[in-house]
$ cat run.csv   # CSV, C-alpha atoms
chain,number,residue,atom,x,y,z
X,1,MET,CA,39.7,15.8,176.7
X,2,SER,CA,43.0,17.2,175.4
X,3,HIS,CA,44.8,19.6,177.6
X,4,HIS,CA,44.6,23.0,176.1
X,5,ALA,CA,47.8,24.2,177.5
X,6,PRO,CA,49.4,27.5,176.4
X,7,SER,CA,52.3,26.9,174.0
X,8,ARG,CA,54.9,25.0,176.1
X,9,VAL,CA,58.5,25.8,176.4
X,10,GLU,CA,61.1,23.0,176.1
X,11,LEU,CA,63.2,22.7,179.2
X,12,LEU,CA,66.8,23.7,178.4
X,13,GLN,CA,69.5,21.3,179.2
X,14,GLY,CA,70.6,21.5,182.8
X,15,THR,CA,67.8,23.8,183.9
X,16,LEU,CA,65.7,21.0,185.4
X,17,ASP,CA,68.3,20.5,188.2
X,18,LEU,CA,68.1,24.1,189.1
X,19,LEU,CA,64.3,24.1,189.1
X,20,ILE,CA,64.2,21.0,191.3
X,21,LEU,CA,66.7,22.6,193.8
X,22,ARG,CA,64.7,25.8,193.8
X,23,THR,CA,61.4,24.0,194.4
X,24,LEU,CA,62.9,22.1,197.4
X,25,MET,CA,63.9,25.4,199.0
X,26,ALA,CA,60.2,25.6,200.2
X,27,GLY,CA,60.6,22.3,202.1
X,28,PRO,CA,60.7,18.5,201.5
X,29,SER,CA,58.6,17.3,198.7
X,30,HIS,CA,57.9,14.1,196.6
X,31,GLY,CA,58.5,13.7,192.9
X,32,HIS,CA,55.0,14.3,191.8
X,33,ALA,CA,54.5,17.4,193.8
X,34,ILE,CA,57.8,18.8,192.5
X,35,ALA,CA,56.7,18.3,188.9
X,36,LYS,CA,53.3,19.9,189.7
X,37,HIS,CA,54.9,22.9,191.5
X,38,ILE,CA,57.2,23.6,188.6
X,39,GLN,CA,54.3,23.4,186.2
X,40,ARG,CA,52.0,25.6,188.2
X,41,THR,CA,54.5,28.2,189.1
X,42,SER,CA,55.6,28.6,185.5
X,43,GLU,CA,52.0,29.2,184.6
X,44,ASP,CA,52.0,25.8,182.7
X,45,LEU,CA,54.7,27.0,180.4
X,46,LEU,CA,57.1,24.3,181.7
X,47,GLN,CA,56.1,20.7,181.7
X,48,VAL,CA,58.3,18.3,183.5
X,49,GLU,CA,58.5,14.9,181.9
X,50,THR,CA,58.4,12.0,184.3
X,51,GLY,CA,61.0,10.4,182.2
X,52,SER,CA,63.5,13.1,183.0
X,53,LEU,CA,62.3,14.0,186.4
X,54,TYR,CA,63.2,10.8,188.2
X,55,PRO,CA,66.6,10.3,186.6
X,56,ALA,CA,67.3,14.0,187.6
X,57,LEU,CA,66.2,13.4,191.2
X,58,HIS,CA,68.4,10.4,191.5
X,59,ARG,CA,71.3,12.1,189.9
X,60,LEU,CA,71.0,15.0,192.4
X,61,GLU,CA,70.7,12.5,195.2
X,62,ALA,CA,73.8,10.7,194.1
X,63,LYS,CA,75.7,14.0,194.0
X,64,GLY,CA,74.6,14.7,197.5
X,65,TRP,CA,72.7,17.9,196.6
X,66,ILE,CA,69.4,16.5,197.8
X,67,GLY,CA,68.6,13.8,200.4
X,68,ALA,CA,65.7,11.4,200.3
X,69,SER,CA,63.6,9.6,202.9
X,70,TRP,CA,60.4,7.7,203.0
X,71,ASN,CA,57.6,9.6,204.8
X,72,LEU,CA,53.8,9.5,204.8
X,73,SER,CA,52.2,11.8,202.3
X,74,ASP,CA,49.3,14.1,203.4
X,75,LYS,CA,47.0,11.3,202.1
X,76,GLY,CA,48.7,8.8,204.4
X,77,LYS,CA,50.6,6.9,201.7
X,78,ARG,CA,54.3,6.1,201.8
X,79,ALA,CA,56.2,8.5,199.5
X,80,ARG,CA,59.8,9.3,198.8
X,81,TYR,CA,60.4,12.8,200.0
X,82,TYR,CA,63.3,14.8,198.8
X,83,ARG,CA,64.9,17.6,200.7
X,84,LEU,CA,67.7,20.1,200.0
X,85,THR,CA,71.1,19.4,201.6
X,86,ALA,CA,73.6,22.0,202.7
X,87,LEU,CA,75.6,21.1,199.6
X,88,GLY,CA,72.5,21.5,197.4
X,89,ARG,CA,71.8,24.9,198.9
X,90,LYS,CA,75.3,26.1,198.0
X,91,GLN,CA,74.9,24.7,194.5
X,92,LEU,CA,71.5,26.4,194.1
X,93,VAL,CA,72.9,29.8,195.1
X,94,SER,CA,75.8,29.5,192.5
X,95,GLU,CA,73.6,28.1,189.7
X,96,GLN,CA,70.9,30.7,190.3
X,97,SER,CA,73.3,33.6,190.0
X,98,LYS,CA,74.9,32.0,186.9
X,99,TRP,CA,71.4,31.6,185.3
X,100,GLN,CA,70.4,35.1,186.1
X,101,ALA,CA,73.6,36.5,184.5
X,102,PHE,CA,72.9,34.3,181.5
X,103,SER,CA,69.3,35.4,181.1
X,104,ARG,CA,70.2,39.0,181.5
X,105,ALA,CA,72.9,38.7,178.8
X,106,MET,CA,70.3,37.0,176.5
X,107,GLY,CA,67.9,39.8,177.2
X,108,LEU,CA,70.4,42.5,176.4
X,109,ILE,CA,71.1,40.9,173.0
X,110,LEU,CA,67.6,40.0,172.1
X,111,ASN,CA,66.0,43.3,173.1
X,112,PRO,CA,68.5,45.9,172.2
X,113,MET,CA,65.5,48.4,171.9
X,114,ASP,CA,65.4,48.8,175.7
X,115,GLN,CA,68.9,50.2,175.7
X,116,GLU,CA,68.6,52.2,172.5
X,117,GLY,CA,65.5,53.9,174.0
X,118,GLN,CA,67.5,55.2,176.9
F,119,MET,CA,79.4,12.2,206.3
F,120,THR,CA,82.3,12.4,203.9
F,121,SER,CA,81.6,12.1,200.2
F,122,PHE,CA,83.6,8.8,200.0
F,123,PHE,CA,81.3,7.1,202.5
F,124,ARG,CA,78.2,8.6,200.8
F,125,LYS,CA,79.3,7.1,197.5
F,126,PHE,CA,80.2,3.8,199.1
F,127,ARG,CA,77.0,3.4,201.1
F,128,TRP,CA,75.0,4.4,198.1
F,129,LEU,CA,76.6,1.6,196.0
F,130,LEU,CA,75.9,-1.0,198.6
F,131,ARG,CA,72.2,-0.1,198.7
F,132,ARG,CA,71.7,-0.9,195.1
F,133,PRO,CA,69.2,-3.9,195.5
F,134,ASP,CA,67.0,-1.9,197.9
F,135,LYS,CA,67.0,1.0,195.5
F,136,GLU,CA,65.4,-1.1,192.7
F,137,ALA,CA,62.4,-1.8,194.9
F,138,GLU,CA,62.3,1.7,196.1
F,139,LEU,CA,62.2,3.1,192.6
F,140,GLN,CA,59.4,0.9,191.7
F,141,GLU,CA,57.4,2.1,194.7
F,142,GLU,CA,58.3,5.7,194.0
F,143,LEU,CA,57.0,5.5,190.4
F,144,GLN,CA,53.9,3.6,191.6
F,145,PHE,CA,53.2,6.5,194.1
F,146,HIS,CA,53.6,9.0,191.3
F,147,LEU,CA,51.0,7.1,189.2
F,148,GLU,CA,48.6,7.1,192.1
F,149,GLU,CA,49.1,10.8,192.8
F,150,GLU,CA,48.6,11.6,189.1
F,151,ALA,CA,45.5,9.4,188.9
F,152,GLY,CA,44.1,11.0,192.0
F,153,GLU,CA,44.6,14.4,190.6
F,154,ARG,CA,42.9,13.5,187.3
F,155,GLN,CA,40.0,12.1,189.3
F,156,ALA,CA,39.7,15.3,191.2
F,157,GLU,CA,39.5,17.1,187.9
F,158,GLY,CA,36.4,15.0,187.2
F,159,LEU,CA,37.6,11.9,185.3
F,160,ALA,CA,36.3,8.4,186.1
F,161,ALA,CA,38.6,6.2,188.2
F,162,GLU,CA,39.5,3.9,185.4
F,163,GLU,CA,40.0,6.7,182.9
F,164,ALA,CA,42.1,8.7,185.4
F,165,ARG,CA,44.4,5.7,185.9
F,166,ARG,CA,44.8,5.3,182.2
F,167,ALA,CA,45.5,9.0,181.7
F,168,ALA,CA,48.1,8.9,184.5
F,169,ARG,CA,49.8,6.0,182.9
F,170,ARG,CA,49.9,7.9,179.6
F,171,GLU,CA,51.4,10.9,181.3
F,172,LEU,CA,54.1,8.8,182.9
F,173,GLY,CA,54.9,7.2,179.6
F,174,ASN,CA,56.9,4.0,179.5
F,175,VAL,CA,57.5,3.0,183.1
F,176,VAL,CA,60.2,0.5,182.2
F,177,LEU,CA,62.0,3.2,180.3
F,178,VAL,CA,61.9,5.6,183.2
F,179,GLN,CA,63.2,2.9,185.5
F,180,GLU,CA,66.0,2.1,183.0
F,181,ASP,CA,67.0,5.8,182.7
F,182,THR,CA,67.1,6.2,186.4
F,183,ARG,CA,69.1,3.0,186.9
F,184,ALA,CA,71.5,4.3,184.2
F,185,VAL,CA,71.9,7.5,186.3
F,186,TRP,CA,73.1,5.4,189.3
F,187,THR,CA,75.8,3.6,187.3
F,188,TRP,CA,76.7,6.7,185.3
F,189,THR,CA,77.0,9.0,188.2
F,190,PHE,CA,79.2,6.5,190.1
F,191,GLY,CA,81.5,6.0,187.1
F,192,GLU,CA,81.6,9.7,186.3
F,193,GLN,CA,82.6,10.6,189.8
F,194,LEU,CA,85.2,7.8,189.8
F,195,VAL,CA,86.7,9.2,186.6
F,196,GLN,CA,86.6,12.7,188.1
F,197,ASP,CA,88.4,11.5,191.2
F,198,ILE,CA,91.1,9.7,189.1
F,199,ARG,CA,91.6,12.7,186.9
F,200,TYR,CA,91.9,14.9,190.0
F,201,GLY,CA,94.5,12.6,191.4
F,202,LEU,CA,96.5,12.5,188.2
F,203,ARG,CA,96.3,16.3,187.9
F,204,THR,CA,97.6,16.7,191.5
F,205,ILE,CA,100.4,14.3,190.8
F,206,ALA,CA,101.4,16.2,187.6
F,207,GLY,CA,101.1,19.5,189.5
F,208,ASN,CA,103.6,18.6,192.2
F,209,LYS,CA,106.2,16.6,190.3
F,210,THR,CA,108.9,16.6,192.9
F,211,PHE,CA,106.6,15.8,195.7
F,212,SER,CA,104.9,13.0,193.8
F,213,ALA,CA,108.3,11.5,192.7
F,214,MET,CA,109.4,11.5,196.4
F,215,ALA,CA,106.1,10.0,197.5
F,216,ILE,CA,106.2,7.3,194.9
F,217,LEU,CA,109.9,6.6,195.6
F,218,SER,CA,109.3,6.2,199.3
F,219,LEU,CA,106.3,4.0,198.7
F,220,ALA,CA,108.4,1.8,196.3
F,221,LEU,CA,111.2,1.6,198.8
F,222,GLY,CA,108.8,0.9,201.7
F,223,ILE,CA,107.1,-1.9,199.8
F,224,GLY,CA,110.4,-3.3,198.7
F,225,ALA,CA,111.9,-3.3,202.1
F,226,ASN,CA,108.8,-4.8,203.7
F,227,THR,CA,108.8,-7.6,201.1
F,228,ALA,CA,112.4,-8.3,201.7
F,229,ILE,CA,112.0,-8.4,205.5
F,230,PHE,CA,108.9,-10.5,205.2
F,231,SER,CA,110.6,-13.1,203.0
F,232,PHE,CA,113.4,-13.2,205.5
F,233,MET,CA,111.0,-13.6,208.5
F,234,ASP,CA,109.0,-16.1,206.6
F,235,SER,CA,112.0,-18.3,205.9
F,236,ILE,CA,113.2,-18.3,209.5
F,237,LEU,CA,110.0,-18.1,211.5
F,238,LEU,CA,107.0,-19.2,209.6
F,239,ARG,CA,108.3,-22.1,207.5
F,240,SER,CA,108.2,-25.3,209.4
F,241,LEU,CA,111.4,-26.7,210.9
F,242,PRO,CA,113.5,-29.0,208.6
F,243,VAL,CA,112.6,-32.2,210.6
F,244,ARG,CA,110.2,-35.0,210.0
F,245,ASP,CA,106.7,-34.3,211.2
F,246,PRO,CA,107.5,-30.7,212.6
F,247,GLN,CA,104.0,-30.2,214.1
F,248,ALA,CA,104.6,-33.1,216.4
F,249,LEU,CA,107.5,-31.2,218.2
F,250,VAL,CA,106.7,-30.0,221.7
F,251,LEU,CA,108.5,-27.9,224.2
F,252,LEU,CA,108.2,-29.1,227.8
F,253,SER,CA,108.0,-26.8,230.7
F,254,TRP,CA,108.7,-27.5,234.3
F,255,HIS,CA,106.1,-26.5,236.8
F,256,THR,CA,106.8,-26.2,240.5
F,257,PRO,CA,104.9,-24.7,243.4
F,258,ARG,CA,108.0,-23.2,245.0
F,259,PRO,CA,110.7,-21.1,243.5
F,260,GLU,CA,113.6,-22.7,245.4
F,261,PHE,CA,112.9,-26.0,243.6
F,262,HIS,CA,113.5,-24.3,240.4
F,263,GLY,CA,116.6,-24.5,238.4
F,264,SER,CA,117.6,-22.3,235.5
F,265,ASP,CA,118.4,-23.1,231.9
F,266,HIS,CA,119.9,-19.7,231.4
F,267,HIS,CA,117.3,-18.7,228.9
F,268,ASP,CA,115.4,-16.3,231.1
F,269,ASP,CA,112.2,-18.1,230.2
F,270,ASP,CA,111.0,-18.6,233.8
F,271,TYR,CA,107.8,-16.9,234.9
F,272,ASN,CA,105.2,-16.9,237.6
F,273,ASP,CA,102.2,-19.0,236.8
F,274,PRO,CA,99.1,-16.8,237.3
F,275,LYS,CA,97.3,-19.9,238.8
F,276,GLY,CA,100.1,-20.3,241.3
F,277,GLY,CA,103.6,-21.7,241.2
F,278,TYR,CA,106.5,-21.2,238.8
F,279,ILE,CA,107.1,-22.3,235.3
F,280,GLY,CA,110.4,-22.6,233.5
F,281,GLY,CA,112.4,-24.6,230.9
F,282,ALA,CA,114.8,-26.1,233.4
F,283,PHE,CA,114.3,-29.8,234.3
F,284,ALA,CA,115.9,-31.9,237.0
F,285,TYR,CA,118.2,-34.3,235.4
F,286,PRO,CA,116.5,-37.5,236.7
F,287,ALA,CA,113.3,-36.2,235.4
F,288,PHE,CA,114.9,-35.7,232.0
F,289,GLU,CA,116.3,-39.2,232.1
F,290,LEU,CA,112.9,-40.6,233.0
F,291,LEU,CA,111.3,-38.9,230.1
F,292,GLN,CA,114.0,-40.1,227.7
F,293,LYS,CA,113.8,-43.7,228.8
F,294,SER,CA,110.0,-43.9,228.5
F,295,ASP,CA,108.9,-44.2,224.9
F,296,LEU,CA,105.2,-44.1,225.9
F,297,VAL,CA,104.6,-40.4,224.8
F,298,PHE,CA,107.7,-39.2,222.9
F,299,SER,CA,109.7,-41.0,220.3
F,300,SER,CA,112.8,-39.1,221.5
F,301,VAL,CA,113.6,-36.3,224.0
F,302,PHE,CA,116.5,-34.0,224.1
F,303,GLY,CA,117.5,-31.2,226.5
F,304,TYR,CA,119.3,-27.9,225.9
F,305,GLN,CA,120.8,-25.3,228.0
F,306,GLY,CA,122.2,-21.8,227.4
F,307,ALA,CA,126.0,-21.9,227.5
F,308,GLY,CA,126.4,-18.1,227.6
F,309,LYS,CA,128.7,-16.3,225.2
F,310,LEU,CA,131.6,-18.1,223.6
F,311,ASN,CA,134.5,-16.8,221.7
F,312,LEU,CA,134.2,-18.2,218.2
F,313,THR,CA,136.9,-18.0,215.6
F,314,PHE,CA,136.1,-18.6,212.0
F,315,ARG,CA,138.6,-18.0,209.3
F,316,ALA,CA,140.9,-16.1,211.6
F,317,GLN,CA,138.1,-13.8,212.7
F,318,ALA,CA,137.0,-13.9,216.3
F,319,ASP,CA,133.6,-12.9,217.5
F,320,LEU,CA,131.3,-13.5,220.5
F,321,ALA,CA,128.5,-15.9,219.8
F,322,ASN,CA,125.6,-17.2,221.9
F,323,ALA,CA,126.1,-20.9,222.5
F,324,GLU,CA,123.8,-23.8,223.6
F,325,TYR,CA,124.5,-27.1,225.2
F,326,VAL,CA,122.3,-29.7,223.5
F,327,SER,CA,122.0,-33.3,224.6
F,328,GLY,CA,121.8,-36.2,222.1
F,329,GLY,CA,118.3,-37.2,221.0
$ encode --input "run.csv" --output "structure tokens"
Amino acid sequence: MSHHAPSRVELLQGTLDLLILRTLMAGPSHGHAIAKHIQRTSEDLLQVETGSLYPALHRLEAKGWIGASWNLSDKGKRARYYRLTALGRKQLVSEQSKWQAFSRAMGLILNPMDQEGQ
Amino acid sequence: MTSFFRKFRWLLRRPDKEAELQEELQFHLEEEAGERQAEGLAAEEARRAARRELGNVVLVQEDTRAVWTWTFGEQLVQDIRYGLRTIAGNKTFSAMAILSLALGIGANTAIFSFMDSILLRSLPVRDPQALVLLSWHTPRPEFHGSDHHDDDYNDPKGGYIGGAFAYPAFELLQKSDLVFSSVFGYQGAGKLNLTFRAQADLANAEYVSGG
């Protein structure tokens, strides 16, 4: 019964926004699909809690980074679809490069071996 | 759409958003239950598992609602701080802007109180709203006198209208007390030389009949 997931990683503060924006790059999507996409793409390492997903979606919408509209889902039910706005796309680009710089810096400090080996 | 309008419209839509959030979370539950069912759970069990996964629905709603209020307040504070920083950054410009605003408001208030006292306050007579100004209507311009007030004009429906009355007509109106309790006439007297405390000036004068 219980989900035998590989050990999960806690989402770092502020990374959920970036993950949502990145997921919406592929096209409009509803909340559930966004959560599932993040979970699947991260090989189940990241689990998006509903309790933080919806507040985050509404926060991003309020900031104008994503837009929302009601559309029919592939099963014919009314669902709230989110899409990336031009503002959100700009935000994504800048956040993404910030994050990449950060993770590179972390890698350099945590794995000094790679450099010492050179 | 500018960010101001986006914020404003967003604030107005608040009641709709409550219902939408409810529907959105309901959809999430159904999706999750459907997925569990596809994994092989029974319908009832799948629904329960989905509810467990979603956690406390009321709490999720509350957190999302808090985001609406918080984001609005946060952006408002940001805007105010930005405004204050801009003011502090250009001290001279801000001082000039504030000074001209203050002078503008002051001058407007002064002018308005003046206009208010002479134009808008009612006349210092008994029952001021019962006062009427009569006009003389005539089909032909040559039957028209002038009261030297330049208030004659062509009636768009035909004829001419002005403030000048034939004297017999005025007398008739004055004698009859059927409509008006009293009637008086006036006529422009042109400019007169007026001396007051040894100082002479030109003044506009009026001839006014007794009431």
$ closest_atom_pairs --input "run.csv" --of "chain F" --to "chain X" --cutoff "9 Å" --atoms "all atoms listed in the file" --output "JSON lines"
{"residue": "F:Ser121", "atom": "CA", "partner": "X:Gly64", "partner_atom": "CA", "distance": 7.9}
{"residue": "F:Arg124", "atom": "CA", "partner": "X:Gly64", "partner_atom": "CA", "distance": 7.8}
{"residue": "F:Lys125", "atom": "CA", "partner": "X:Ala62", "partner_atom": "CA", "distance": 7.4}
{"residue": "F:Trp128", "atom": "CA", "partner": "X:Ala62", "partner_atom": "CA", "distance": 7.6}
{"residue": "F:Glu138", "atom": "CA", "partner": "X:Arg80", "partner_atom": "CA", "distance": 8.4}
{"residue": "F:Leu139", "atom": "CA", "partner": "X:Tyr54", "partner_atom": "CA", "distance": 8.9}
{"residue": "F:Glu141", "atom": "CA", "partner": "X:Ala79", "partner_atom": "CA", "distance": 8.1}
{"residue": "F:Glu142", "atom": "CA", "partner": "X:Arg80", "partner_atom": "CA", "distance": 6.2}
{"residue": "F:Leu143", "atom": "CA", "partner": "X:Tyr54", "partner_atom": "CA", "distance": 8.4}
{"residue": "F:Phe145", "atom": "CA", "partner": "X:Ala79", "partner_atom": "CA", "distance": 6.5}
{"residue": "F:His146", "atom": "CA", "partner": "X:His32", "partner_atom": "CA", "distance": 5.5}
{"residue": "F:Leu147", "atom": "CA", "partner": "X:His32", "partner_atom": "CA", "distance": 8.6}
{"residue": "F:Glu149", "atom": "CA", "partner": "X:His32", "partner_atom": "CA", "distance": 6.9}
{"residue": "F:Glu150", "atom": "CA", "partner": "X:His32", "partner_atom": "CA", "distance": 7.5}
{"residue": "F:Glu171", "atom": "CA", "partner": "X:Thr50", "partner_atom": "CA", "distance": 7.7}
{"residue": "F:Leu172", "atom": "CA", "partner": "X:Thr50", "partner_atom": "CA", "distance": 5.5}
{"residue": "F:Gly173", "atom": "CA", "partner": "X:Gly51", "partner_atom": "CA", "distance": 7.4}
{"residue": "F:Asn174", "atom": "CA", "partner": "X:Gly51", "partner_atom": "CA", "distance": 8.1}
{"residue": "F:Val175", "atom": "CA", "partner": "X:Gly51", "partner_atom": "CA", "distance": 8.2}
{"residue": "F:Leu177", "atom": "CA", "partner": "X:Gly51", "partner_atom": "CA", "distance": 7.5}
{"residue": "F:Val178", "atom": "CA", "partner": "X:Gly51", "partner_atom": "CA", "distance": 5.0}
{"residue": "F:Gln179", "atom": "CA", "partner": "X:Pro55", "partner_atom": "CA", "distance": 8.2}
{"residue": "F:Glu180", "atom": "CA", "partner": "X:Pro55", "partner_atom": "CA", "distance": 9.0}
{"residue": "F:Asp181", "atom": "CA", "partner": "X:Pro55", "partner_atom": "CA", "distance": 6.0}
{"residue": "F:Thr182", "atom": "CA", "partner": "X:Pro55", "partner_atom": "CA", "distance": 4.1}
{"residue": "F:Arg183", "atom": "CA", "partner": "X:Pro55", "partner_atom": "CA", "distance": 7.7}
{"residue": "F:Ala184", "atom": "CA", "partner": "X:Pro55", "partner_atom": "CA", "distance": 8.1}
{"residue": "F:Val185", "atom": "CA", "partner": "X:Arg59", "partner_atom": "CA", "distance": 5.9}
{"residue": "F:Trp186", "atom": "CA", "partner": "X:Arg59", "partner_atom": "CA", "distance": 7.0}
{"residue": "F:Trp188", "atom": "CA", "partner": "X:Arg59", "partner_atom": "CA", "distance": 8.9}
{"residue": "F:Thr189", "atom": "CA", "partner": "X:Arg59", "partner_atom": "CA", "distance": 6.7}
{"residue": "F:Phe190", "atom": "CA", "partner": "X:Ala62", "partner_atom": "CA", "distance": 7.9}
{"residue": "F:Gln193", "atom": "CA", "partner": "X:Lys63", "partner_atom": "CA", "distance": 8.8}
$ atom_distance --input "run.csv" --atom1 "atom CA of Ile38 of chain X" --atom2 "atom CA of Arg83 of chain X"
15.5 Å
$ atom_distance --input "run.csv" --atom1 "atom CA of Met106 of chain X" --atom2 "atom CA of Leu92 of chain X"
20.6 Å
$ atom_distance --input "run.csv" --atom1 "atom CA of Ser235 of chain F" --atom2 "atom CA of Gly281 of chain F"
25.8 Å
$ residues_around --input "run.csv" --residues "Leu18 of chain X" --least-positions-apart "3" --cutoff "7 Å" --atoms "all atoms listed in the file" --output "ChimeraX atom specification"
/X:15,21-22,92,95
$ closest_residue --input "run.csv" --among "F:Pro274, F:Ala164, F:Ser327, F:Ala151" --to "Gln292 of chain F" --atoms "only C-alpha atoms"
F:Ser327
$ residues_around --input "run.csv" --residues "Ile216 of chain F" --least-positions-apart "6" --cutoff "10 Å" --atoms "only C-alpha atoms" --output "PyMOL selection string"
chain F and resi 205+210+222
$ residues_around --input "run.csv" --residues "segment 96-103 of chain X" --least-positions-apart "5" --cutoff "12 Å" --atoms "only C-alpha atoms" --output "JSON, numbers by chain"
{"X": [12, 14, 15, 17, 18, 19, 20, 21, 22, 88, 89, 90, 91, 108, 109, 110, 111]}
$ build_atoms --input "run.csv" --residues "segment 232-255 of chain F" --atoms "N, CA and C atoms" --output "PDB file, keeping the file's coordinate frame"
ATOM      1  N   PHE F 232     112.400 -12.782 204.560  1.00  0.00           N
ATOM      2  CA  PHE F 232     113.400 -13.200 205.500  1.00  0.00           C
ATOM      3  C   PHE F 232     112.724 -13.867 206.738  1.00  0.00           C
ATOM      4  N   MET F 233     111.759 -13.126 207.313  1.00  0.00           N
ATOM      5  CA  MET F 233     111.000 -13.600 208.500  1.00  0.00           C
ATOM      6  C   MET F 233     110.313 -14.917 208.162  1.00  0.00           C
ATOM      7  N   ASP F 234     109.743 -14.941 206.973  1.00  0.00           N
ATOM      8  CA  ASP F 234     109.000 -16.100 206.600  1.00  0.00           C
ATOM      9  C   ASP F 234     109.874 -17.331 206.540  1.00  0.00           C
ATOM     10  N   SER F 235     111.101 -17.177 206.000  1.00  0.00           N
ATOM     11  CA  SER F 235     112.000 -18.300 205.900  1.00  0.00           C
ATOM     12  C   SER F 235     112.469 -18.809 207.238  1.00  0.00           C
ATOM     13  N   ILE F 236     112.699 -17.867 208.196  1.00  0.00           N
ATOM     14  CA  ILE F 236     113.200 -18.300 209.500  1.00  0.00           C
ATOM     15  C   ILE F 236     112.174 -18.608 210.519  1.00  0.00           C
ATOM     16  N   LEU F 237     111.033 -17.909 210.452  1.00  0.00           N
ATOM     17  CA  LEU F 237     110.000 -18.100 211.500  1.00  0.00           C
ATOM     18  C   LEU F 237     108.838 -18.895 211.130  1.00  0.00           C
ATOM     19  N   LEU F 238     108.328 -18.640 209.947  1.00  0.00           N
ATOM     20  CA  LEU F 238     107.000 -19.200 209.600  1.00  0.00           C
ATOM     21  C   LEU F 238     107.121 -20.573 208.940  1.00  0.00           C
ATOM     22  N   ARG F 239     108.176 -20.770 208.144  1.00  0.00           N
ATOM     23  CA  ARG F 239     108.300 -22.100 207.500  1.00  0.00           C
ATOM     24  C   ARG F 239     108.546 -23.138 208.588  1.00  0.00           C
ATOM     25  N   SER F 240     108.074 -24.313 208.350  1.00  0.00           N
ATOM     26  CA  SER F 240     108.200 -25.300 209.400  1.00  0.00           C
ATOM     27  C   SER F 240     109.687 -25.786 209.470  1.00  0.00           C
ATOM     28  N   LEU F 241     110.041 -26.327 210.625  1.00  0.00           N
ATOM     29  CA  LEU F 241     111.400 -26.700 210.900  1.00  0.00           C
ATOM     30  C   LEU F 241     111.798 -27.891 209.949  1.00  0.00           C
ATOM     31  N   PRO F 242     113.064 -27.992 209.589  1.00  0.00           N
ATOM     32  CA  PRO F 242     113.500 -29.000 208.600  1.00  0.00           C
ATOM     33  C   PRO F 242     113.619 -30.399 209.320  1.00  0.00           C
ATOM     34  N   VAL F 243     112.582 -30.857 209.998  1.00  0.00           N
ATOM     35  CA  VAL F 243     112.600 -32.200 210.600  1.00  0.00           C
ATOM     36  C   VAL F 243     111.375 -32.941 210.137  1.00  0.00           C
ATOM     37  N   ARG F 244     111.393 -34.261 210.348  1.00  0.00           N
ATOM     38  CA  ARG F 244     110.200 -35.000 210.000  1.00  0.00           C
ATOM     39  C   ARG F 244     109.077 -34.703 210.927  1.00  0.00           C
ATOM     40  N   ASP F 245     107.892 -34.486 210.415  1.00  0.00           N
ATOM     41  CA  ASP F 245     106.700 -34.300 211.200  1.00  0.00           C
ATOM     42  C   ASP F 245     106.860 -33.066 212.181  1.00  0.00           C
ATOM     43  N   PRO F 246     107.139 -31.868 211.687  1.00  0.00           N
ATOM     44  CA  PRO F 246     107.500 -30.700 212.600  1.00  0.00           C
ATOM     45  C   PRO F 246     106.343 -30.363 213.538  1.00  0.00           C
ATOM     46  N   GLN F 247     105.084 -30.617 213.142  1.00  0.00           N
ATOM     47  CA  GLN F 247     104.000 -30.200 214.100  1.00  0.00           C
ATOM     48  C   GLN F 247     103.896 -31.112 215.271  1.00  0.00           C
ATOM     49  N   ALA F 248     104.648 -32.232 215.274  1.00  0.00           N
ATOM     50  CA  ALA F 248     104.600 -33.100 216.400  1.00  0.00           C
ATOM     51  C   ALA F 248     105.652 -32.710 217.489  1.00  0.00           C
ATOM     52  N   LEU F 249     106.462 -31.695 217.186  1.00  0.00           N
ATOM     53  CA  LEU F 249     107.500 -31.200 218.200  1.00  0.00           C
ATOM     54  C   LEU F 249     106.764 -30.510 219.311  1.00  0.00           C
ATOM     55  N   VAL F 250     107.207 -30.780 220.525  1.00  0.00           N
ATOM     56  CA  VAL F 250     106.700 -30.000 221.700  1.00  0.00           C
ATOM     57  C   VAL F 250     107.802 -29.540 222.541  1.00  0.00           C
ATOM     58  N   LEU F 251     107.535 -28.442 223.240  1.00  0.00           N
ATOM     59  CA  LEU F 251     108.500 -27.900 224.200  1.00  0.00           C
ATOM     60  C   LEU F 251     107.932 -28.103 225.579  1.00  0.00           C
ATOM     61  N   LEU F 252     108.666 -28.822 226.423  1.00  0.00           N
ATOM     62  CA  LEU F 252     108.200 -29.100 227.800  1.00  0.00           C
ATOM     63  C   LEU F 252     108.554 -28.013 228.737  1.00  0.00           C
ATOM     64  N   SER F 253     107.682 -27.735 229.682  1.00  0.00           N
ATOM     65  CA  SER F 253     108.000 -26.800 230.700  1.00  0.00           C
ATOM     66  C   SER F 253     107.914 -27.467 232.087  1.00  0.00           C
ATOM     67  N   TRP F 254     108.690 -26.985 232.979  1.00  0.00           N
ATOM     68  CA  TRP F 254     108.700 -27.500 234.300  1.00  0.00           C
ATOM     69  C   TRP F 254     107.899 -26.648 235.224  1.00  0.00           C
ATOM     70  N   HIS F 255     106.952 -27.259 235.915  1.00  0.00           N
ATOM     71  CA  HIS F 255     106.100 -26.500 236.800  1.00  0.00           C
ATOM     72  C   HIS F 255     106.330 -26.856 238.219  1.00  0.00           C
TER      73      HIS F 255
END
